[in-house]
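**Student:** After the structure tokens below, expect a handful of questions from me.
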Amino acid sequence: MRTLAYGSWPSPIDAALAAAHDGHPEWVGFVGDETWWTEPRPEEGGRRTLVRCRADGTEESVLPAPWNVRSRVIEYGGLPWAGTVVDSRPLVVFTHFADQRLYRYEPGGRPRPLTPVSEVGGGLRWAEPLLDLERGEVWCVLEEFTGEGPGDVRRVLAAVPLDGSAASDRDAVRELTDARHRFVTGPRISPDGRRAAWLAWDHPRMPWDGTELVLADVGADGRLHGARTVVGGPKESVAQVDWSADGRLLYASDRSGWWNLYRDGRPLCPREEEFGGPLWKLGHRWFAPLDNGLIAVVHGRGATALGILDPETGEVVDAAGPWTEFAPTLAAHGERVVAVGASPRTAHEVVQLDTRTGRARVTGARHTDPVDPAHYPEPQIRVFTGPAGREVHARVYPPHHPGCVAPGDELPPYVVWAHGGPTSRAPLVLDLSIAYFTSRGIGVAEVDYGGSTGYGREYRDRLREQWGVVDVEDCAAVAQALAAEGTADRARLAIRGGSAGGWTTAASLTTIDVYACGTIIYPVLDLTAWASGETHDFESRYLESLVGPLAEVPARYAQRSPAAHADRITAPFVLLQGLDDVICPPAQCERFLARVKGRQVPHAYLAFEGEGHGFRRAGTLVRALEAELSLYAQVFGLTPPGVPTLELAP
């Protein structure tokens with residue numbers, strides 16, 4: 001065992017290794033008896049490929065580069081593919097990221113476009129495809145831009161011919177609904193084919209504030225008739241809807257204060273835990289009905305488990321296995337359930353559960369240790385006390401190395417990680433980006449500040465009109481508690497975050513004196529501009545709940561914006577931004593930097609061509625991690641071996 005200062009431990013987890021393992025499998029489904037899913041390829045420009053797992057267990061990437069199976073609906077995207085078997089061969093439709101067209105694909109051939117290219121605004125975008133072979137169509141969500149502005153957009157349910165006749169003819173796309181609602185999810189069709197259900201909501205609500213469950217009759221002509229709201233409203237969030245095998249309506253609603261499951265209006269398993277979550281992407285699924293009447297569920301308080309719910313008894317039996325977290329993607333086929341699970345010792349894997357035997361096993365994207373797992377961090381699940389005695393949930397990852405310890409009188413540096421959203425949370429999974437720091441002797445604390453999901457609506461609502469206050473206070477409370485208990489060095493605390501976490505980082509550095517430095521990643525920095533058209537349509541009214549209506553509290557927008565108070569920042573920082581980001585555009589960073597200029601604050605700005613909101617390319621991920629570590633090394637006086645020095649300009 002070597003005795004070396006914190007931050008100087010040699011680690012086999014370099015930035016390239018962490019970048020190679022960024023992202024995880026998503027959007028699982030069945031094509032016949034086979035399991036298919038999407039999977040990231042950071043080394044291939046960040047594209048997502050479609051993977052199939054054959055009956056013999058072999059995996060293959062179905063589509064070669066440059067095909068990129070990813071939708072841009074509401075910018076965060078949604079379920080981008082659907083498949084079935086026709087004449088013993090797979091038939092798949094998918095959205096290609098580059099042009100957002102819907103394509104038809106059969107293995108052995110080339111993808112054929114089903115939808116036209118639009119020259120207006122962001123074009124035509126598609127999500128949550130549902131194959132209807134009887135009518136020769138695919139039903140899905142259509143997002144259509146009607147002008148050049150981010151708000152010039154309409155969303156409807158639409159039917160696209162599978163024969164390709166709409167590939168150059170917009171009029172051949174059959175619209176199933178009018179555009180009375182600003183946002184809609186894809187339709188779920190009842191087992192008898194006579195009814196369709198979907199979710200809808202309107203500005204200024206976000207889907208976790210309130211949604212409506214809409215029900216319509218499917219006529220013999222293939223049209224939807226008599227659409228009516230049957231559940232939900234401005235203060236009730238319905239996160240998902242589906243049908244039981246016997247034709248009863250299933251949905252996850254937070255009417256009790258927790259997203260619980262209901263069948264035809266009756267609660268199936270009333271608990272103070274979540275059976276749903278925030279609908280950041282269209283097609284997220286927290287439950288999947290089985291043919292035998294049971295329901296597969298992703299549920300929990302904080303971390304999530306995969307279970308089988310018996311709706312007659314309300315009993316849930318969780319799948320045995322090492323997984324401590326399941327993503328909101330599920331599919332059921334017969335008595336089989338497929339999901340995506342992970343743990344602090346394993347990255348996300350495709351997991352299959354046989355409900356007859358109760359056996360769960362990995363069937364795809366199997367985790368293999370790229371290094372000795374002795375270098376992985378060992379998380380501690382903690383609850384801290386914040387202002388006014390409120391609970392603050394967090395995961396603490398102390399520095400950890402199998403062959404190194406620090407001198408006995410030294411306390412480690414710590415970085416507080418603020419998650420994005422902000423209506424989201426930090427999952428309890430193996431993240432090599434965290435291991436990149438902990439294996440070098442730098443602790444990490446992921447904070448589920450007030451406003452995070454997974455702990456009920458009351459916890460989620462703590463951030464209402466308090467963004468930039470509660471999140472900042474809760475992160476600081478965790479940092480200061482770690483220092484007070486002797487876990488962290490009070491003089492060597494940092495904060496970092498992306499998107500809404502970038503906002504929390506910048507807001508912290510401009511309002512409180514807790515952190516010695518910070519890493520700000522594709523952030524919101526100027527509330528007034530962001531609320532006045534400088535972001536995409538989905539979140540364009542989000543600040544009304546997070547901050548308050550701009551017309552009523554304009555001073556609050558200025559008061560809380562880091563861009564308005566850049567003169568207060570004294571701590572060194574690095575700012576990382578994608579130049580193609582339409583959610584948090586580079587203009588926000590540029591105005592912030594203009595106000596920092598000349599203030600003698602050491603900082604660096606790295607802007608990445610071809611990157612949007614969320615870095616996906618291996619080269620970008622490497623540069624970003626190394627820049628962040630170099631910042632901490634320079635500010636904290638660390639000597640991590642083999643890390644390029646980032647030039648900090650005053």
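Convention: chains lettered A, B, ... in structure tokens order; per-chain residue numbering from 1; ligands numbered from 1 as shown.
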Where in range 195-334 of chain A does DSSP assign strand (DSSP E), given as a ChimeraX atom specification?

**Tutor:** /A:195-201,212-218,224-232,238-243,249-253,260-263,266-267,287-289,295-299,305-310,315-318,325-333

**Student:** Set out as CSV a contact list for range 275-363 of chain A and range 253-263 of chain A with a cut-off of 9 Å, giving each residue of range 275-363 of chain A that qualifies its closest atom pair and distance in Å to one decimal, counting only C-alpha atoms, ordered by chain and rising residue number.

**Tutor:**
```
residue,atom,partner,partner_atom,distance
A:Phe275,CA,A:Asn260,CA,5.2
A:Gly276,CA,A:Trp259,CA,5.1
A:Gly277,CA,A:Trp259,CA,7.1
A:Phe287,CA,A:Leu261,CA,8.7
A:Pro311,CA,A:Arg263,CA,8.4
```

**Student:** At a cut-off of 7 Å, using only C-alpha atoms, what residues contact range 71-86 of chain A? Leave out same-chain residues fewer than 3 positions from it and give the result as a list in words.

**Tutor:**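 With the cut-off at 7 Å, the set is Trp27, Val31, Gly32, Arg89, Pro90, Leu91, Val92, Val93, Phe94, Thr95, His96, Phe97, Gln100, Arg125, Trp126, Ala127, Glu128, Pro129, Leu130, Leu131, Glu143, Trp280, Lys281, Leu282, Gly283 and Phe538 of chain A.
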
**Student:** For the structure I just gave you, how does DSSP split range 37-264 of chain A - specifically, which residues are helix (DSSP H, G or I)? Reply as a ChimeraX atom specification.

**Tutor:** /A:42-44,170-172

**Student:** Enter the distance from CA of Trp503 in chain A to CA of Asp461 in chain A, in Å, rounded to one decimal.

**Tutor:**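 Pair CA of Trp503 in chain A / CA of Asp461 in chain A returns 18.3 Å.
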
**Student:** Which one is closest to Thr346 in chain A: A:Ala98, A:Leu330, A:Leu268, A:Ala365? Count only C-alpha atoms.

**Tutor:**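 With only C-alpha atoms as the atom set, the closest residue is A:Ala365.
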
**Student:** Using only C-alpha atoms, tabulate the residues of range 337-418 of chain A lying at most 12 Å from any atom of range 6-23 of chain A, each with its closest atom pair and that distance in Å to one decimal, by chain and increasing residue number, as a tab-separated table.

**Tutor:**
```
residue	atom	partner	partner_atom	distance
A:Thr346	CA	A:His21	CA	11.2
A:Ala347	CA	A:His21	CA	8.3
A:His348	CA	A:Gly23	CA	8.6
A:Glu349	CA	A:Gly23	CA	11.3
A:Ala365	CA	A:His21	CA	11.3
A:His367	CA	A:His21	CA	10.1
A:Thr368	CA	A:His21	CA	10.6
A:Asp369	CA	A:His21	CA	10.6
A:Pro370	CA	A:Leu17	CA	7.9
A:Val371	CA	A:Pro12	CA	6.8
A:Asp372	CA	A:Pro12	CA	8.6
A:Pro373	CA	A:Ile13	CA	10.5
A:Ala374	CA	A:Pro12	CA	10.9
A:His375	CA	A:Ser11	CA	7.9
A:Tyr376	CA	A:Ile13	CA	9.2
A:Pro377	CA	A:Ile13	CA	11.5
A:Pro398	CA	A:Tyr6	CA	11.1
A:Pro399	CA	A:Tyr6	CA	8.0
A:His400	CA	A:Trp9	CA	9.5
A:His401	CA	A:Trp9	CA	7.7
A:Pro402	CA	A:Ser11	CA	10.1
A:Gly403	CA	A:Trp9	CA	8.8
A:Cys404	CA	A:Trp9	CA	6.6
A:Val405	CA	A:Tyr6	CA	7.9
A:Ala406	CA	A:Tyr6	CA	5.7
A:Pro407	CA	A:Tyr6	CA	8.4
A:Gly408	CA	A:Tyr6	CA	10.9
A:Asp409	CA	A:Tyr6	CA	11.2
A:Glu410	CA	A:Tyr6	CA	7.8
A:Leu411	CA	A:Tyr6	CA	7.9
A:Pro412	CA	A:Tyr6	CA	5.8
A:Pro413	CA	A:Tyr6	CA	7.4
A:Tyr414	CA	A:Gly7	CA	10.2
A:Val415	CA	A:Gly7	CA	12.0
```

**Student:** Please produce a file of the residues just selected, as an mmCIF file, in the first residue's frame, where the atoms kept are C-alpha atoms.

**Tutor:**
```
data_model
loop_
_atom_site.group_PDB
_atom_site.id
_atom_site.type_symbol
_atom_site.label_atom_id
_atom_site.label_comp_id
_atom_site.auth_asym_id
_atom_site.auth_seq_id
_atom_site.Cartn_x
_atom_site.Cartn_y
_atom_site.Cartn_z
ATOM 1 C CA THR A 346 -22.137 -2.883 -13.055
ATOM 2 C CA ALA A 347 -23.004 -0.564 -15.917
ATOM 3 C CA HIS A 348 -26.456 -0.705 -17.516
ATOM 4 C CA GLU A 349 -27.313 -4.111 -18.962
ATOM 5 C CA ALA A 365 -25.025 -5.322 -23.349
ATOM 6 C CA HIS A 367 -21.181 -5.573 -18.294
ATOM 7 C CA THR A 368 -17.528 -6.529 -18.462
ATOM 8 C CA ASP A 369 -15.036 -4.935 -16.126
ATOM 9 C CA PRO A 370 -12.607 -2.801 -18.173
ATOM 10 C CA VAL A 371 -10.351 -2.558 -15.114
ATOM 11 C CA ASP A 372 -10.040 -4.318 -11.795
ATOM 12 C CA PRO A 373 -13.354 -3.507 -10.024
ATOM 13 C CA ALA A 374 -11.357 -2.833 -6.887
ATOM 14 C CA HIS A 375 -10.943 0.654 -8.402
ATOM 15 C CA TYR A 376 -14.691 1.293 -8.549
ATOM 16 C CA PRO A 377 -16.182 3.753 -6.071
ATOM 17 C CA PRO A 398 -15.389 8.639 -0.992
ATOM 18 C CA PRO A 399 -11.948 8.475 -2.607
ATOM 19 C CA HIS A 400 -11.106 4.832 -3.169
ATOM 20 C CA HIS A 401 -8.044 2.986 -4.467
ATOM 21 C CA PRO A 402 -6.964 -0.604 -3.728
ATOM 22 C CA GLY A 403 -3.295 0.321 -3.571
ATOM 23 C CA CYS A 404 -3.180 3.854 -2.211
ATOM 24 C CA VAL A 405 -3.974 5.734 0.953
ATOM 25 C CA ALA A 406 -3.459 9.382 1.863
ATOM 26 C CA PRO A 407 -1.364 10.680 4.738
ATOM 27 C CA GLY A 408 -3.258 10.331 7.992
ATOM 28 C CA ASP A 409 -3.614 14.043 8.609
ATOM 29 C CA GLU A 410 -4.954 14.912 5.153
ATOM 30 C CA LEU A 411 -8.641 15.368 4.308
ATOM 31 C CA PRO A 412 -9.739 14.722 0.719
ATOM 32 C CA PRO A 413 -11.097 17.235 -1.778
ATOM 33 C CA TYR A 414 -14.726 16.698 -2.747
ATOM 34 C CA VAL A 415 -16.828 17.670 -5.746
#
```

**Student:** Could you name the residues that touch Ser424 in chain A at 6 Å or less, counting only C-alpha atoms, but leaving out those on the same chain fewer than 2 positions away, as a PDB file with N, CA and C atoms, in the first residue's frame?

**Tutor:**
```pdb
ATOM      1  N   GLY A 421     -32.014  18.568 -15.169  1.00  0.00           N
ATOM      2  CA  GLY A 421     -33.464  18.514 -15.028  1.00  0.00           C
ATOM      3  C   GLY A 421     -34.069  19.919 -14.932  1.00  0.00           C
ATOM      4  N   PRO A 422     -34.210  20.463 -13.726  1.00  0.00           N
ATOM      5  CA  PRO A 422     -33.845  19.895 -12.429  1.00  0.00           C
ATOM      6  C   PRO A 422     -34.785  18.810 -11.930  1.00  0.00           C
ATOM      7  N   SER A 452     -36.030  17.173  -6.773  1.00  0.00           N
ATOM      8  CA  SER A 452     -35.692  15.921  -7.442  1.00  0.00           C
ATOM      9  C   SER A 452     -36.877  14.957  -7.391  1.00  0.00           C
ATOM     10  N   THR A 453     -36.895  14.031  -8.322  1.00  0.00           N
ATOM     11  CA  THR A 453     -37.944  13.023  -8.358  1.00  0.00           C
ATOM     12  C   THR A 453     -37.493  11.776  -7.611  1.00  0.00           C
TER      13      THR A 453
END
```

**Student:** CA of Thr535 in chain A and CA of Leu631 in chain A, how far apart in Å?

**Tutor:**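 That distance, rounded to one decimal, is 29.1 Å.
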
**Student:** Excluding same-chain residues fewer than 3 positions from Thr510 in chain A, what lies within 7 Å of it counting only C-alpha atoms, as a VMD selection string?

**Tutor:** chain A and resid 506 to 507 562 565 to 566 568 to 569

**Student:** For range 47-56 of chain A, work out the shell of residues within 9 Å, counting only C-alpha atoms and skipping chain neighbours fewer than 5 positions away, then give it as JSON, numbers by chain.

**Tutor:** {"A": [31, 33, 34, 35, 36, 37, 38, 39, 40, 41, 42, 61, 62, 63, 64, 65, 66, 67, 68, 69, 70, 81, 97, 363, 364, 616, 617]}

**Student:** Would you mind exporting C-alpha atoms of the selected residues as a CSV table (one decimal), in the first residue's frame?

**Tutor:**
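Output saved as out-v4.csv:
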```
chain,number,residue,atom,x,y,z
A,31,VAL,CA,-39.3,-8.2,-32.5
A,33,ASP,CA,-39.1,-13.5,-29.8
A,34,GLU,CA,-36.0,-11.5,-30.1
A,35,THR,CA,-34.9,-8.6,-27.9
A,36,TRP,CA,-33.8,-5.4,-29.6
A,37,TRP,CA,-32.6,-2.1,-28.2
A,38,THR,CA,-30.6,1.1,-29.0
A,39,GLU,CA,-27.1,1.5,-27.8
A,40,PRO,CA,-24.6,4.4,-27.9
A,41,ARG,CA,-21.4,4.5,-29.9
A,42,PRO,CA,-19.3,7.4,-28.6
A,61,SER,CA,-25.5,-4.0,-34.6
A,62,VAL,CA,-28.4,-3.9,-37.1
A,63,LEU,CA,-27.5,-0.6,-38.8
A,64,PRO,CA,-24.0,0.5,-39.7
A,65,ALA,CA,-22.7,4.1,-39.5
A,66,PRO,CA,-23.9,6.7,-40.2
A,67,TRP,CA,-27.4,5.5,-39.3
A,68,ASN,CA,-28.4,7.0,-36.0
A,69,VAL,CA,-31.5,5.8,-34.3
A,70,ARG,CA,-32.6,8.8,-32.3
A,81,TRP,CA,-38.2,2.6,-33.3
A,97,PHE,CA,-31.3,11.6,-36.3
A,363,THR,CA,-29.3,-11.0,-22.1
A,364,GLY,CA,-27.6,-8.1,-23.8
A,616,ARG,CA,-21.9,12.2,-27.0
A,617,ARG,CA,-18.6,12.1,-29.0
```

**Student:** Provide the CA of Ala252 in chain A to CA of Leu224 in chain A distance in Å, to one decimal place.

**Tutor:**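 CA of Ala252 in chain A sits 23.3 Å away from CA of Leu224 in chain A.
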
**Student:** When you look at range 454-460 of chain A with a cut-off of 7 Å (counting only C-alpha atoms), what residues show up, excluding the ones that are within fewer than 4 positions of it in the same chain? I need them as a PyMOL selection string.

**Tutor:** chain A and resi 257-258+273-274+301-302+450

**Student:** Write the residues of the selection above to a file with C-alpha atoms, as a CSV table (one decimal), in the first residue's frame.

**Tutor:**
```csv
chain,number,residue,atom,x,y,z
A,257,GLY,CA,-48.7,12.5,-3.8
A,258,TRP,CA,-46.8,9.5,-5.3
A,273,GLU,CA,-43.1,5.2,-3.5
A,274,GLU,CA,-42.9,5.9,-7.2
A,301,ARG,CA,-38.3,5.4,-3.4
A,302,GLY,CA,-35.0,6.9,-4.6
A,450,GLY,CA,-35.3,19.5,-3.3
```

**Student:** Nearest residue to Leu648 in chain A out of A:Gly108, A:Pro113, A:Pro572, A:Gly518, using only C-alpha atoms?

**Tutor:** A:Pro572
